[in-house]
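As structure tokens, the structure follows; a few thoughts come after it.
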Amino acid sequence: MNRHETADYITDTFGVSGENLWVKFPEYLVFRNRKNKKWFALIADVEKSRLGLPGDGKTDIINLKCDPVFIGSLIHNKGYLPAYHMNKNTWITVLLDGSVDDSEIKDLICLSYEMIEKRK
């Protein structure tokens, strides 16, 4: 999924729209739980060099809340990275460049939402 398909999936599934919180980063979209206002996803475009990726330019990512047990195994797979600019113990970065199957991204989005939904 690309960034637009991902944002549409989140909006359609959870009834929330992405919020742009930073003028300096107009492509960053934060998605929050409607009830408790906790973040469960961040879609961003980040310089590849900041992610330790080869090449120039930016790439689209999504940061998701994730179970630490899953994080340990996922980051060994293509398209998964330690969380960019978030707590690396409880968040993971997923590339939105086609390297991760759409169904996996959707499952992780749902897991992230469920984890946040439980928090008060």
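Chain identifiers are assigned as A, B, and so on, following the order in which chains appear in the structure tokens; residues are numbered from 1 within each chain, and ligands are numbered from 1 in order of appearance.
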
- Item | Shell around Lys35 (chain A) at 12 Å using only C-alpha atoms, local window under 3 positions removed, as a list in words | Phe14, Gly15, Val16, Arg32, Lys38, Trp39, Tyr113, Ile116, Glu117, Lys118, Arg119 and Lys120 of chain A

- May I ask for the distance between CA of Ser73 (chain A) and CA of Leu95 (chain A), given in Å to one decimal place?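 Separation of CA of Ser73 (chain A) and CA of Leu95 (chain A): 15.9 Å.
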
Neighbours of Arg3 (chain A) within 8 Å (only C-alpha atoms; same-chain residues fewer than 3 positions away dropped), as a PDB file with C-alpha atoms, in the first residue's frame?
ATOM      1  CA  THR A   6      -2.936   3.464   3.869  1.00  0.00           C
ATOM      2  CA  ALA A   7      -4.504   6.726   5.044  1.00  0.00           C
ATOM      3  CA  ILE A  43       2.403   8.343   8.186  1.00  0.00           C
ATOM      4  CA  ASP A  60       7.049   6.967   2.849  1.00  0.00           C
ATOM      5  CA  ILE A  61       6.686   5.126   6.144  1.00  0.00           C
ATOM      6  CA  LEU A  96       5.178   2.007   2.385  1.00  0.00           C
TER       7      LEU A  96
END

- Query: What's the 10 Å shell around Gly72 (chain A), counting only C-alpha atoms, without same-chain residues fewer than 5 positions away, as a PyMOL selection string?
  - Reply: chain A and resi 67+82+89+92

- Message: For the helix (DSSP H, G or I) assignment from backbone DSSP, which residues of region 13-75 of chain A qualify? Please present them as a count of residues only.
- Response: 13

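Close contacts of Ser99 (chain A), defined as residues with an atom at most 12 Å away when counting only C-alpha atoms, with chain neighbours fewer than 5 positions off set aside, comprise Met1, Asn2, Thr59, Asp60, Ile61, Asn77, Lys78, Gly79, Tyr80, Leu81, Val94, Glu104 and Ile105 of chain A.
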
Output of the above residues as a PDB file, in the first residue's frame, restricted to C-alpha atoms:
ATOM      1  CA  MET A   1       0.000   0.000   0.000  1.00  0.00           C
ATOM      2  CA  ASN A   2       1.160   3.510  -0.641  1.00  0.00           C
ATOM      3  CA  THR A  59      10.519   7.349   1.369  1.00  0.00           C
ATOM      4  CA  ASP A  60       7.049   6.967   2.849  1.00  0.00           C
ATOM      5  CA  ILE A  61       6.686   5.126   6.144  1.00  0.00           C
ATOM      6  CA  ASN A  77      12.318  -8.786   7.593  1.00  0.00           C
ATOM      7  CA  LYS A  78      12.478  -6.567   4.542  1.00  0.00           C
ATOM      8  CA  GLY A  79      10.428  -3.390   4.905  1.00  0.00           C
ATOM      9  CA  TYR A  80      10.517  -3.254   8.715  1.00  0.00           C
ATOM     10  CA  LEU A  81      12.762  -0.950  10.716  1.00  0.00           C
ATOM     11  CA  VAL A  94       7.033  -0.056   8.156  1.00  0.00           C
ATOM     12  CA  GLU A 104       0.479  -7.428   6.911  1.00  0.00           C
ATOM     13  CA  ILE A 105       0.273  -3.643   7.056  1.00  0.00           C
TER      14      ILE A 105
END

- Within 8 Å of Ala41 (chain A), counting only C-alpha atoms, which residues qualify if same-chain residues fewer than 5 places away don't, as a PyMOL selection string? chain A and resi 30-32+62-65+109+112

- Message: Env of Arg50 (chain A): 10 Å cut, atoms = only C-alpha atoms, seq-sep filter 5 positions within chain, self excluded. Answer as a list in words.
- Response: Lys58, Tyr84 and His85 of chain A

- Item | DSSP-assigned strand (DSSP E or B) among chain A, expressed as a PyMOL selection string | chain A and resi 19+29-32+39-47+58-65+80-82+91-95

- Query: Interatomic distance between CA of Ile10 (chain A) and CA of Cys110 (chain A)?
  - Reply: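 About the pair CA of Ile10 (chain A) and CA of Cys110 (chain A): they are 8.9 Å apart.
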
- Go through A:Phe25, A:Ser17, A:Asn87, A:Asn33 one by one, measure the shortest atom-to-atom distance of each to Glu114 (chain A) using only C-alpha atoms, and give the residue with the smallest value.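 Checking each of A:Phe25, A:Ser17, A:Asn87, A:Asn33 against Glu114 (chain A), counting only C-alpha atoms, the winner is A:Asn33.
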
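The space between CA of Lys106 (chain A) and CA of Pro54 (chain A) spans 26.1 Å.
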